[in-house]
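K.L.:
Provided below: data.cif, containing mmCIF, C-alpha atoms (C1' of nucleotides).
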```
data_structure
loop_
_atom_site.label_atom_id
_atom_site.label_comp_id
_atom_site.auth_asym_id
_atom_site.auth_seq_id
_atom_site.Cartn_x
_atom_site.Cartn_y
_atom_site.Cartn_z
CA MET A 12 149.58 -7.87 68.21
CA ARG A 13 151.48 -9.21 71.10
CA LEU A 14 154.78 -9.09 72.82
CA HIS A 15 157.63 -11.44 73.18
CA LEU A 16 159.40 -10.67 76.32
CA TRP A 17 161.97 -12.38 78.37
CA ILE A 18 164.74 -11.75 80.77
CA GLU A 19 168.36 -12.42 80.28
CA THR A 20 171.19 -11.86 82.73
CA ASP A 21 174.89 -11.60 82.20
CA THR A 22 175.24 -15.27 82.83
CA GLY A 23 172.89 -15.95 79.97
CA LEU A 24 169.61 -16.55 81.69
CA LEU A 25 166.63 -16.97 79.58
CA PHE A 26 163.45 -17.01 81.51
CA GLY A 27 160.23 -16.13 79.82
CA LEU A 28 156.53 -16.72 79.87
CA GLY A 29 156.88 -20.29 78.67
CA ARG A 30 158.99 -21.30 81.62
CA ALA A 31 156.75 -19.52 84.06
CA LEU A 32 153.63 -21.18 82.73
CA LEU A 33 155.36 -24.52 82.84
CA LEU A 34 156.29 -24.04 86.47
CA GLN A 35 152.74 -22.98 87.14
CA LYS A 36 151.37 -26.13 85.62
CA ILE A 37 153.78 -28.28 87.54
CA ASP A 38 152.71 -26.55 90.69
CA GLN A 39 149.06 -27.13 89.91
CA LEU A 40 149.38 -30.74 88.86
CA GLY A 41 152.23 -31.84 91.05
CA SER A 42 154.08 -33.53 88.24
CA ILE A 43 156.44 -32.56 85.45
CA LYS A 44 155.05 -35.29 83.28
CA ARG A 45 151.44 -34.32 83.60
CA ALA A 46 152.28 -30.66 83.15
CA ALA A 47 154.20 -31.45 80.00
CA ASP A 48 151.37 -33.54 78.63
CA GLU A 49 148.83 -30.86 79.31
CA LEU A 50 150.97 -28.20 77.70
CA GLY A 51 151.49 -30.40 74.69
CA MET A 52 155.21 -30.83 75.08
CA SER A 53 157.32 -33.85 75.78
CA TYR A 54 158.53 -34.62 79.25
CA ARG A 55 162.05 -34.40 77.89
CA ALA A 56 161.52 -30.88 76.65
CA ALA A 57 159.90 -29.69 79.84
CA TRP A 58 162.56 -31.21 82.00
CA GLY A 59 165.31 -29.76 79.82
CA LYS A 60 163.95 -26.25 80.01
CA ILE A 61 163.66 -26.32 83.73
CA ARG A 62 167.12 -27.78 84.06
CA LYS A 63 168.61 -25.04 81.97
CA SER A 64 166.90 -22.36 83.98
CA GLU A 65 168.05 -23.91 87.22
CA GLU A 66 171.54 -24.16 85.91
CA ILE A 67 171.83 -20.53 85.04
CA LEU A 68 169.93 -19.31 88.06
CA GLY A 69 172.10 -21.45 90.26
CA GLU A 70 169.03 -22.42 92.20
CA LYS A 71 166.75 -25.42 92.28
CA LEU A 72 163.28 -24.71 91.00
CA ILE A 73 161.96 -28.21 91.48
CA LEU A 74 162.32 -30.37 94.52
CA GLN A 75 164.57 -33.24 93.71
CA GLY A 76 164.38 -36.50 95.48
CA CYS A 77 160.67 -36.15 95.81
CA SER A 78 158.40 -39.05 95.20
CA LYS A 79 159.22 -40.78 91.97
CA ARG A 80 155.92 -42.44 91.94
CA ASP A 81 153.51 -39.61 92.32
CA GLY A 82 155.33 -36.66 90.86
CA CYS A 83 157.19 -33.69 92.08
CA GLU A 84 156.70 -30.18 93.34
CA LEU A 85 158.34 -26.81 93.18
CA THR A 86 160.86 -25.52 95.63
CA GLU A 87 160.01 -22.43 97.58
CA ALA A 88 162.25 -20.42 95.30
CA GLY A 89 160.61 -21.93 92.25
CA ARG A 90 157.14 -21.07 93.34
CA LEU A 91 158.12 -17.58 94.32
CA LEU A 92 159.86 -16.87 91.05
CA MET A 93 156.98 -18.27 89.06
CA GLU A 94 154.37 -16.23 90.87
CA LYS A 95 156.31 -13.00 90.83
CA PHE A 96 157.30 -13.41 87.25
CA LEU A 97 153.74 -13.92 86.08
CA LEU A 98 152.69 -10.85 87.97
CA TRP A 99 155.52 -8.84 86.51
CA TYR A 100 154.87 -10.09 83.04
CA ASP A 101 151.25 -9.16 83.21
CA THR A 102 152.00 -5.65 84.34
CA VAL A 103 154.72 -5.01 81.83
CA GLU A 104 152.85 -6.50 78.92
CA LYS A 105 149.81 -4.43 79.60
CA GLU A 106 151.77 -1.22 79.81
CA ALA A 107 153.87 -2.02 76.79
CA LEU A 108 150.87 -2.72 74.62
CA GLU A 109 149.16 0.41 75.74
CA LYS A 110 152.22 2.46 75.00
CA ALA A 111 152.56 0.76 71.65
CA ARG A 112 149.09 1.82 70.75
CA GLU A 113 149.94 5.38 71.61
CA MET A 114 153.41 5.56 70.24
CA LEU A 115 153.81 3.22 67.31
CA PRO A 116 152.66 3.91 63.77
CA LEU A 117 151.46 0.37 63.25
CA ARG A 118 148.15 -0.43 61.76
CA ILE A 119 147.00 -2.90 64.32
CA LYS A 120 144.65 -5.34 62.76
CA GLY A 121 142.73 -7.80 64.88
CA TYR A 122 144.27 -6.73 68.14
CA SER A 123 143.87 -10.22 69.40
CA GLU A 124 144.48 -10.07 73.08
CA LYS A 125 146.26 -13.25 73.82
CA LYS A 126 144.19 -15.27 76.21
CA LYS A 127 146.13 -15.50 79.38
CA THR A 128 146.36 -18.67 81.36
CA VAL A 129 147.36 -16.79 84.43
CA ASP A 130 144.31 -17.38 86.52
CA MET B 5 170.10 -8.13 83.42
CA ARG B 6 168.32 -7.07 80.34
CA LEU B 7 165.22 -7.61 78.35
CA HIS B 8 164.46 -9.26 75.10
CA LEU B 9 161.43 -7.68 73.67
CA TRP B 10 159.80 -7.69 70.35
CA ILE B 11 156.49 -7.29 68.66
CA GLU B 12 154.59 -9.86 66.77
CA THR B 13 151.28 -9.48 65.01
CA ASP B 14 148.78 -12.04 63.85
CA THR B 15 150.40 -12.09 60.46
CA GLY B 16 153.63 -13.09 62.08
CA LEU B 17 155.50 -9.85 62.27
CA LEU B 18 158.69 -9.88 64.12
CA PHE B 19 160.13 -6.48 64.66
CA GLY B 20 162.57 -5.93 67.41
CA LEU B 21 165.49 -3.87 68.53
CA GLY B 22 167.82 -5.44 66.00
CA ARG B 23 165.74 -4.33 63.05
CA ALA B 24 165.26 -0.88 64.47
CA LEU B 25 168.97 -0.38 65.04
CA LEU B 26 169.68 -1.62 61.56
CA LEU B 27 167.28 0.88 60.08
CA GLN B 28 168.86 3.53 62.21
CA LYS B 29 172.31 2.74 60.93
CA ILE B 30 171.12 2.75 57.36
CA ASP B 31 169.55 6.11 57.96
CA GLN B 32 172.76 7.45 59.42
CA LEU B 33 175.09 6.04 56.82
CA GLY B 34 172.87 6.14 53.77
CA SER B 35 173.70 2.61 52.75
CA ILE B 36 172.60 -0.90 53.59
CA LYS B 37 176.07 -2.21 52.88
CA ARG B 38 177.88 0.20 55.12
CA ALA B 39 175.31 -0.27 57.88
CA ALA B 40 175.71 -4.02 57.65
CA ASP B 41 179.47 -3.78 57.78
CA GLU B 42 179.38 -1.54 60.77
CA LEU B 43 176.97 -3.80 62.61
CA GLY B 44 179.11 -6.80 61.81
CA MET B 45 176.60 -8.59 59.66
CA SER B 46 176.63 -9.52 56.02
CA TYR B 47 174.84 -7.40 53.47
CA ARG B 48 172.79 -10.44 52.61
CA ALA B 49 171.58 -10.82 56.15
CA ALA B 50 170.74 -7.15 56.56
CA TRP B 51 168.88 -7.01 53.31
CA GLY B 52 166.99 -10.20 54.13
CA LYS B 53 165.84 -8.95 57.48
CA ILE B 54 164.57 -5.72 56.06
CA ARG B 55 162.85 -7.53 53.25
CA LYS B 56 161.04 -9.79 55.63
CA SER B 57 159.86 -6.92 57.74
CA GLU B 58 158.64 -5.06 54.68
CA GLU B 59 156.88 -8.14 53.49
CA ILE B 60 154.93 -8.64 56.65
CA LEU B 61 154.30 -4.98 57.25
CA GLY B 62 153.15 -4.60 53.68
CA GLU B 63 155.07 -1.38 53.47
CA LYS B 64 158.40 -0.34 52.03
CA LEU B 65 160.93 0.63 54.64
CA ILE B 66 163.74 1.40 52.23
CA LEU B 67 163.53 3.49 49.11
CA GLN B 68 163.96 1.25 46.17
CA GLY B 69 165.34 2.44 42.93
CA CYS B 70 167.66 4.78 44.72
CA SER B 71 171.21 5.18 43.60
CA LYS B 72 173.03 1.92 43.21
CA ARG B 73 176.28 3.66 43.32
CA ASP B 74 176.05 5.67 46.49
CA GLY B 75 173.63 3.75 48.64
CA CYS B 76 170.07 4.01 49.72
CA GLU B 77 167.84 5.66 52.24
CA LEU B 78 164.76 4.97 54.27
CA THR B 79 161.24 5.69 53.22
CA GLU B 80 159.21 8.10 55.27
CA ALA B 81 157.39 5.16 56.80
CA GLY B 82 160.65 3.43 57.52
CA ARG B 83 162.15 6.36 59.33
CA LEU B 84 158.99 6.96 61.29
CA LEU B 85 158.69 3.37 62.40
CA MET B 86 162.34 3.24 63.36
CA GLU B 87 162.22 6.40 65.40
CA LYS B 88 158.98 5.61 67.15
CA PHE B 89 159.99 2.07 67.84
CA LEU B 90 163.26 3.10 69.46
CA LEU B 91 161.40 5.57 71.60
CA TRP B 92 158.86 2.99 72.58
CA TYR B 93 161.49 0.40 73.30
CA ASP B 94 163.40 2.73 75.52
CA THR B 95 160.35 3.62 77.54
CA VAL B 96 159.12 0.10 77.94
CA GLU B 97 162.49 -1.33 78.73
CA LYS B 98 163.16 1.20 81.41
CA GLU B 99 159.82 0.62 83.07
CA ALA B 100 160.09 -3.11 82.80
CA LEU B 101 163.50 -3.21 84.39
CA GLU B 102 162.43 -0.95 87.15
CA LYS B 103 159.42 -3.10 87.86
CA ALA B 104 161.60 -6.18 87.70
CA ARG B 105 163.81 -4.76 90.38
CA GLU B 106 160.80 -4.16 92.57
CA MET B 107 158.85 -7.28 91.83
CA LEU B 108 161.19 -10.11 90.96
CA PRO B 109 163.11 -12.19 93.46
CA LEU B 110 166.22 -12.33 91.30
CA ARG B 111 169.63 -11.71 92.64
CA ILE B 112 170.75 -9.21 90.10
CA LYS B 113 174.47 -9.40 89.75
CA GLY B 114 176.32 -6.85 87.69
CA TYR B 115 173.24 -5.01 86.60
CA SER B 116 175.01 -4.13 83.42
CA GLU B 117 172.88 -1.55 81.76
CA LYS B 118 173.19 -2.35 78.13
CA LYS B 119 174.81 0.57 76.43
CA LYS B 120 172.25 1.96 74.12
CA THR B 121 173.13 3.11 70.65
CA VAL B 122 170.09 5.24 70.47
CA ASP B 123 171.76 8.60 70.47
"C1'" DA C 2 183.03 2.97 27.36
"C1'" DA C 3 185.14 1.01 31.31
"C1'" DC C 4 185.14 0.79 36.23
"C1'" DA C 5 183.58 0.77 40.97
"C1'" DA C 6 180.20 0.49 44.42
"C1'" DT C 7 175.89 -1.02 45.67
"C1'" DT C 8 171.30 -3.01 45.37
"C1'" DA C 9 168.94 -7.23 44.76
"C1'" DT C 10 168.36 -12.30 44.80
"C1'" DG C 11 168.89 -17.35 44.27
"C1'" DT C 12 171.20 -21.13 46.24
"C1'" DC C 13 173.40 -24.20 49.21
"C1'" DA C 14 176.13 -25.43 53.20
"C1'" DA C 15 176.57 -24.99 58.14
"C1'" DA C 16 175.09 -24.37 62.51
"C1'" DA C 17 171.71 -24.11 66.05
"C1'" DC C 18 167.73 -25.86 67.93
"C1'" DT C 19 163.98 -29.39 68.74
"C1'" DA C 20 161.69 -33.72 69.15
"C1'" DG C 21 161.67 -38.03 70.10
"C1'" DC C 22 163.77 -42.66 71.42
"C1'" DA C 23 165.98 -45.35 74.71
"C1'" DT C 24 166.98 -46.46 79.26
"C1'" DA C 25 168.35 -46.33 84.10
"C1'" DA C 26 166.94 -45.58 88.67
"C1'" DC C 27 163.78 -45.28 92.11
"C1'" DA C 28 159.58 -44.91 95.06
"C1'" DT C 29 155.27 -46.63 96.19
"C1'" DA C 30 151.34 -49.67 95.98
"C1'" DA C 31 149.66 -54.16 95.64
"C1'" DT D 15 158.89 -58.61 95.20
"C1'" DT D 16 156.81 -57.40 91.22
"C1'" DA D 17 154.46 -53.90 88.61
"C1'" DT D 18 153.70 -49.09 87.50
"C1'" DG D 19 154.50 -44.29 87.00
"C1'" DT D 20 157.78 -40.88 87.26
"C1'" DT D 21 162.20 -38.57 87.51
"C1'" DA D 22 166.44 -38.11 85.22
"C1'" DT D 23 169.53 -38.11 81.31
"C1'" DG D 24 172.25 -39.40 76.95
"C1'" DC D 25 171.91 -39.62 72.17
"C1'" DT D 26 170.47 -39.12 67.42
"C1'" DA D 27 167.74 -37.64 63.58
"C1'" DG D 28 165.19 -34.08 61.66
"C1'" DT D 29 163.98 -29.43 61.13
"C1'" DT D 30 164.55 -24.68 61.16
"C1'" DT D 31 167.47 -20.70 61.08
"C1'" DT D 32 171.51 -18.38 59.73
"C1'" DG D 33 175.41 -17.37 56.91
"C1'" DA D 34 178.35 -17.25 53.12
"C1'" DC D 35 179.00 -17.49 47.96
"C1'" DA D 36 177.80 -16.35 43.51
"C1'" DT D 37 176.02 -13.28 40.28
"C1'" DA D 38 172.83 -9.91 37.85
"C1'" DA D 39 171.57 -5.39 37.25
"C1'" DT D 40 172.09 -0.64 37.79
"C1'" DT D 41 174.04 3.88 38.35
"C1'" DG D 42 177.44 7.40 38.86
"C1'" DT D 43 182.36 8.58 37.83
"C1'" DT D 44 186.22 9.26 35.01
#
```
Just give me the structure of the file as structure tokens.
P.N.:
Amino acid sequence: MRLHLWIETDTGLLFGLGRALLLQKIDQLGSIKRAADELGMSYRAAWGKIRKSEEILGEKLILQGCSKRDGCELTEAGRLLMEKFLLWYDTVEKEALEKAREMLPLRIKGYSEKKKTVD
Amino acid sequence: MRLHLWIETDTGLLFGLGRALLLQKIDQLGSIKRAADELGMSYRAAWGKIRKSEEILGEKLILQGCSKRDGCELTEAGRLLMEKFLLWYDTVEKEALEKAREMLPLRIKGYSEKKKTVD
DNA sequence: AACAATTATGTCAAAACTAGCATAACATAA
DNA sequence: TTATGTTATGCTAGTTTTGACATAATTGTT
């Protein structure tokens, strides 16, 4: 059993674990392309997701105009959001699952803790 | 700012606020049809959603074979799940939003608390 | 028995979303 | 200055999800 959890603002934001992990990978690898490859998605998809998030947040998450030969990196805001979000997500997910165990009448089968890539 | 939050098990369950509120309405009104109307969805859609949840849960949520003239009502399991889920959701959402305010670097605009129909 | 309201489902179109192709532009290395 | 890898973006086809239509079957009312 696991949670799907994301944030949405009035303006329609949609920022969830997927985006955060993508930003994390970009940060680690210094390239949208390589991050996309490693996460098994197309560059187009990765780029599109980030763009949409930026659009709604009204803030750049990725440095533009950075080297077009060697990749790209996050903006300060991007890195901050990514880090904080992952922290928040971890906390909330843990609590929510715990509470679910206490409060919900669900026969929980395997209880497969999703392996987290948040190291 | 608000949360999207639902539960998914290994078998693919997908039970979220929408389902819970639907069950709640059915419980209140004693009819899938009337609940669907009131929630602005088609009977077909409402029925389908419930069916899918039942299927994956392996448990009836709605009494079948009940009057086809005057409506239907929840099973014991259905009512229990609905009630507990709404409680759980409320708790988790509140905590998550609070933590978000503390932890996340998001400029929260209107902070429109979603009006809850959980009375 | 005839009628009305509702459950229960199949089906098929429509709409939303996703994936992938194509391509321009550009920066850096050689 | 040519080659390569990447950012950046439009567009289209394919897939998945959702929604509406049709229609039995059933049950209570009159």
K.L.:
Onto chain A, please fit chain B by least squares using all C-alpha atoms in order, then return the transformed chain as a PDB file with C-alpha atoms, keeping the file's coordinate frame.
P.N.:
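Generated file (out.pdb):
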```pdb
ATOM      1  CA  MET B   5     149.484  -7.879  68.333  1.00  0.00           C
ATOM      2  CA  ARG B   6     151.445  -9.200  71.194  1.00  0.00           C
ATOM      3  CA  LEU B   7     154.775  -9.050  72.852  1.00  0.00           C
ATOM      4  CA  HIS B   8     157.645 -11.401  73.160  1.00  0.00           C
ATOM      5  CA  LEU B   9     159.474 -10.608  76.282  1.00  0.00           C
ATOM      6  CA  TRP B  10     162.044 -12.328  78.311  1.00  0.00           C
ATOM      7  CA  ILE B  11     164.855 -11.710  80.696  1.00  0.00           C
ATOM      8  CA  GLU B  12     168.464 -12.403  80.167  1.00  0.00           C
ATOM      9  CA  THR B  13     171.316 -11.844  82.565  1.00  0.00           C
ATOM     10  CA  ASP B  14     175.026 -11.599  81.992  1.00  0.00           C
ATOM     11  CA  THR B  15     175.378 -15.277  82.676  1.00  0.00           C
ATOM     12  CA  GLY B  16     172.996 -15.970  79.864  1.00  0.00           C
ATOM     13  CA  LEU B  17     169.755 -16.553  81.648  1.00  0.00           C
ATOM     14  CA  LEU B  18     166.747 -16.931  79.547  1.00  0.00           C
ATOM     15  CA  PHE B  19     163.565 -16.964  81.495  1.00  0.00           C
ATOM     16  CA  GLY B  20     160.364 -16.117  79.806  1.00  0.00           C
ATOM     17  CA  LEU B  21     156.664 -16.694  79.815  1.00  0.00           C
ATOM     18  CA  GLY B  22     157.019 -20.262  78.616  1.00  0.00           C
ATOM     19  CA  ARG B  23     159.105 -21.299  81.589  1.00  0.00           C
ATOM     20  CA  ALA B  24     156.858 -19.497  84.009  1.00  0.00           C
ATOM     21  CA  LEU B  25     153.734 -21.150  82.650  1.00  0.00           C
ATOM     22  CA  LEU B  26     155.441 -24.500  82.778  1.00  0.00           C
ATOM     23  CA  LEU B  27     156.324 -24.014  86.409  1.00  0.00           C
ATOM     24  CA  GLN B  28     152.790 -22.932  87.036  1.00  0.00           C
ATOM     25  CA  LYS B  29     151.380 -26.063  85.496  1.00  0.00           C
ATOM     26  CA  ILE B  30     153.739 -28.238  87.462  1.00  0.00           C
ATOM     27  CA  ASP B  31     152.657 -26.470  90.595  1.00  0.00           C
ATOM     28  CA  GLN B  32     149.020 -27.022  89.760  1.00  0.00           C
ATOM     29  CA  LEU B  33     149.314 -30.629  88.720  1.00  0.00           C
ATOM     30  CA  GLY B  34     152.118 -31.775  90.970  1.00  0.00           C
ATOM     31  CA  SER B  35     153.994 -33.468  88.177  1.00  0.00           C
ATOM     32  CA  ILE B  36     156.410 -32.536  85.432  1.00  0.00           C
ATOM     33  CA  LYS B  37     155.038 -35.277  83.227  1.00  0.00           C
ATOM     34  CA  ARG B  38     151.433 -34.268  83.519  1.00  0.00           C
ATOM     35  CA  ALA B  39     152.313 -30.599  83.064  1.00  0.00           C
ATOM     36  CA  ALA B  40     154.277 -31.430  79.944  1.00  0.00           C
ATOM     37  CA  ASP B  41     151.455 -33.494  78.534  1.00  0.00           C
ATOM     38  CA  GLU B  42     148.954 -30.791  79.164  1.00  0.00           C
ATOM     39  CA  LEU B  43     151.141 -28.152  77.566  1.00  0.00           C
ATOM     40  CA  GLY B  44     151.704 -30.375  74.572  1.00  0.00           C
ATOM     41  CA  MET B  45     155.405 -30.835  75.036  1.00  0.00           C
ATOM     42  CA  SER B  46     157.479 -33.883  75.763  1.00  0.00           C
ATOM     43  CA  TYR B  47     158.612 -34.655  79.273  1.00  0.00           C
ATOM     44  CA  ARG B  48     162.153 -34.484  78.001  1.00  0.00           C
ATOM     45  CA  ALA B  49     161.696 -30.972  76.737  1.00  0.00           C
ATOM     46  CA  ALA B  50     160.009 -29.748  79.899  1.00  0.00           C
ATOM     47  CA  TRP B  51     162.624 -31.261  82.115  1.00  0.00           C
ATOM     48  CA  GLY B  52     165.418 -29.848  79.965  1.00  0.00           C
ATOM     49  CA  LYS B  53     164.068 -26.345  80.080  1.00  0.00           C
ATOM     50  CA  ILE B  54     163.719 -26.390  83.813  1.00  0.00           C
ATOM     51  CA  ARG B  55     167.163 -27.845  84.206  1.00  0.00           C
ATOM     52  CA  LYS B  56     168.698 -25.122  82.138  1.00  0.00           C
ATOM     53  CA  SER B  57     166.976 -22.421  84.092  1.00  0.00           C
ATOM     54  CA  GLU B  58     168.079 -23.965  87.364  1.00  0.00           C
ATOM     55  CA  GLU B  59     171.582 -24.233  86.076  1.00  0.00           C
ATOM     56  CA  ILE B  60     171.874 -20.607  85.176  1.00  0.00           C
ATOM     57  CA  LEU B  61     169.964 -19.355  88.165  1.00  0.00           C
ATOM     58  CA  GLY B  62     172.083 -21.513  90.415  1.00  0.00           C
ATOM     59  CA  GLU B  63     168.990 -22.449  92.326  1.00  0.00           C
ATOM     60  CA  LYS B  64     166.686 -25.437  92.389  1.00  0.00           C
ATOM     61  CA  LEU B  65     163.242 -24.709  91.061  1.00  0.00           C
ATOM     62  CA  ILE B  66     161.872 -28.203  91.518  1.00  0.00           C
ATOM     63  CA  LEU B  67     162.163 -30.360  94.585  1.00  0.00           C
ATOM     64  CA  GLN B  68     164.406 -33.222  93.794  1.00  0.00           C
ATOM     65  CA  GLY B  69     164.152 -36.503  95.523  1.00  0.00           C
ATOM     66  CA  CYS B  70     160.423 -36.161  95.732  1.00  0.00           C
ATOM     67  CA  SER B  71     158.194 -39.091  95.052  1.00  0.00           C
ATOM     68  CA  LYS B  72     158.953 -40.826  91.811  1.00  0.00           C
ATOM     69  CA  ARG B  73     155.639 -42.444  91.839  1.00  0.00           C
ATOM     70  CA  ASP B  74     153.290 -39.539  92.266  1.00  0.00           C
ATOM     71  CA  GLY B  75     155.156 -36.608  90.821  1.00  0.00           C
ATOM     72  CA  CYS B  76     157.032 -33.632  92.058  1.00  0.00           C
ATOM     73  CA  GLU B  77     156.566 -30.121  93.284  1.00  0.00           C
ATOM     74  CA  LEU B  78     158.242 -26.766  93.161  1.00  0.00           C
ATOM     75  CA  THR B  79     160.741 -25.476  95.630  1.00  0.00           C
ATOM     76  CA  GLU B  80     159.902 -22.376  97.585  1.00  0.00           C
ATOM     77  CA  ALA B  81     162.199 -20.406  95.318  1.00  0.00           C
ATOM     78  CA  GLY B  82     160.600 -21.921  92.270  1.00  0.00           C
ATOM     79  CA  ARG B  83     157.099 -21.019  93.290  1.00  0.00           C
ATOM     80  CA  LEU B  84     158.123 -17.531  94.276  1.00  0.00           C
ATOM     81  CA  LEU B  85     159.909 -16.858  91.026  1.00  0.00           C
ATOM     82  CA  MET B  86     157.020 -18.232  89.019  1.00  0.00           C
ATOM     83  CA  GLU B  87     154.421 -16.173  90.800  1.00  0.00           C
ATOM     84  CA  LYS B  88     156.386 -12.961  90.776  1.00  0.00           C
ATOM     85  CA  PHE B  89     157.408 -13.385  87.198  1.00  0.00           C
ATOM     86  CA  LEU B  90     153.838 -13.878  86.020  1.00  0.00           C
ATOM     87  CA  LEU B  91     152.807 -10.799  87.917  1.00  0.00           C
ATOM     88  CA  TRP B  92     155.637  -8.811  86.465  1.00  0.00           C
ATOM     89  CA  TYR B  93     154.970 -10.053  82.978  1.00  0.00           C
ATOM     90  CA  ASP B  94     151.349  -9.126  83.172  1.00  0.00           C
ATOM     91  CA  THR B  95     152.105  -5.623  84.325  1.00  0.00           C
ATOM     92  CA  VAL B  96     154.806  -4.970  81.806  1.00  0.00           C
ATOM     93  CA  GLU B  97     152.929  -6.459  78.928  1.00  0.00           C
ATOM     94  CA  LYS B  98     149.863  -4.417  79.608  1.00  0.00           C
ATOM     95  CA  GLU B  99     151.817  -1.195  79.833  1.00  0.00           C
ATOM     96  CA  ALA B 100     153.877  -1.980  76.800  1.00  0.00           C
ATOM     97  CA  LEU B 101     150.868  -2.703  74.658  1.00  0.00           C
ATOM     98  CA  GLU B 102     149.138   0.390  75.803  1.00  0.00           C
ATOM     99  CA  LYS B 103     152.167   2.482  75.006  1.00  0.00           C
ATOM    100  CA  ALA B 104     152.473   0.742  71.668  1.00  0.00           C
ATOM    101  CA  ARG B 105     148.966   1.763  70.810  1.00  0.00           C
ATOM    102  CA  GLU B 106     149.786   5.348  71.640  1.00  0.00           C
ATOM    103  CA  MET B 107     153.251   5.549  70.212  1.00  0.00           C
ATOM    104  CA  LEU B 108     153.607   3.171  67.303  1.00  0.00           C
ATOM    105  CA  PRO B 109     152.381   3.832  63.793  1.00  0.00           C
ATOM    106  CA  LEU B 110     151.215   0.263  63.283  1.00  0.00           C
ATOM    107  CA  ARG B 111     147.901  -0.582  61.829  1.00  0.00           C
ATOM    108  CA  ILE B 112     146.779  -3.004  64.443  1.00  0.00           C
ATOM    109  CA  LYS B 113     144.438  -5.479  62.897  1.00  0.00           C
ATOM    110  CA  GLY B 114     142.571  -7.936  65.052  1.00  0.00           C
ATOM    111  CA  TYR B 115     144.140  -6.811  68.267  1.00  0.00           C
ATOM    112  CA  SER B 116     143.764 -10.306  69.558  1.00  0.00           C
ATOM    113  CA  GLU B 117     144.491 -10.114  73.217  1.00  0.00           C
ATOM    114  CA  LYS B 118     146.290 -13.302  73.929  1.00  0.00           C
ATOM    115  CA  LYS B 119     144.218 -15.295  76.333  1.00  0.00           C
ATOM    116  CA  LYS B 120     146.204 -15.505  79.469  1.00  0.00           C
ATOM    117  CA  THR B 121     146.421 -18.683  81.466  1.00  0.00           C
ATOM    118  CA  VAL B 122     147.406 -16.819  84.526  1.00  0.00           C
ATOM    119  CA  ASP B 123     144.317 -17.424  86.568  1.00  0.00           C
TER     120      ASP B 123
END
```
K.L.:
Find the residues in chain A near chain B: any atom within 7 Å counts, using all atoms listed in the file. Write them as a list in words.
P.N.:
Met12, Arg13, Leu14, His15, Leu16, Trp17, Ile18, Glu19, Thr20, Asp21, Leu92, Lys95, Phe96, Trp99, Val103, Ala107, Ala111, Met114, Leu115 and Pro116 of chain A
K.L.:
Name every residue that the PyMOL selection byres ((chain B) within 7 of (chain C)) selects in this structure, writing the answer as an NGL selection string with chains first and numbers rising.
P.N.:
:B and (72-75)
K.L.:
Find the residue from D:DT15, D:DT26, D:DT44, D:DT32 that sits nearest to chain B; use all atoms listed in the file when measuring.
P.N.:
D:DT32
K.L.:
Set the cut-off to 10 Å and count all atoms listed in the file: what are the residues of chain B that reach chain D? Output as a list in words.
P.N.:
Met45, Ser46, Arg48, Ala49, Gly69, Cys70, Ser71, Lys72, Arg73 and Asp74 of chain B
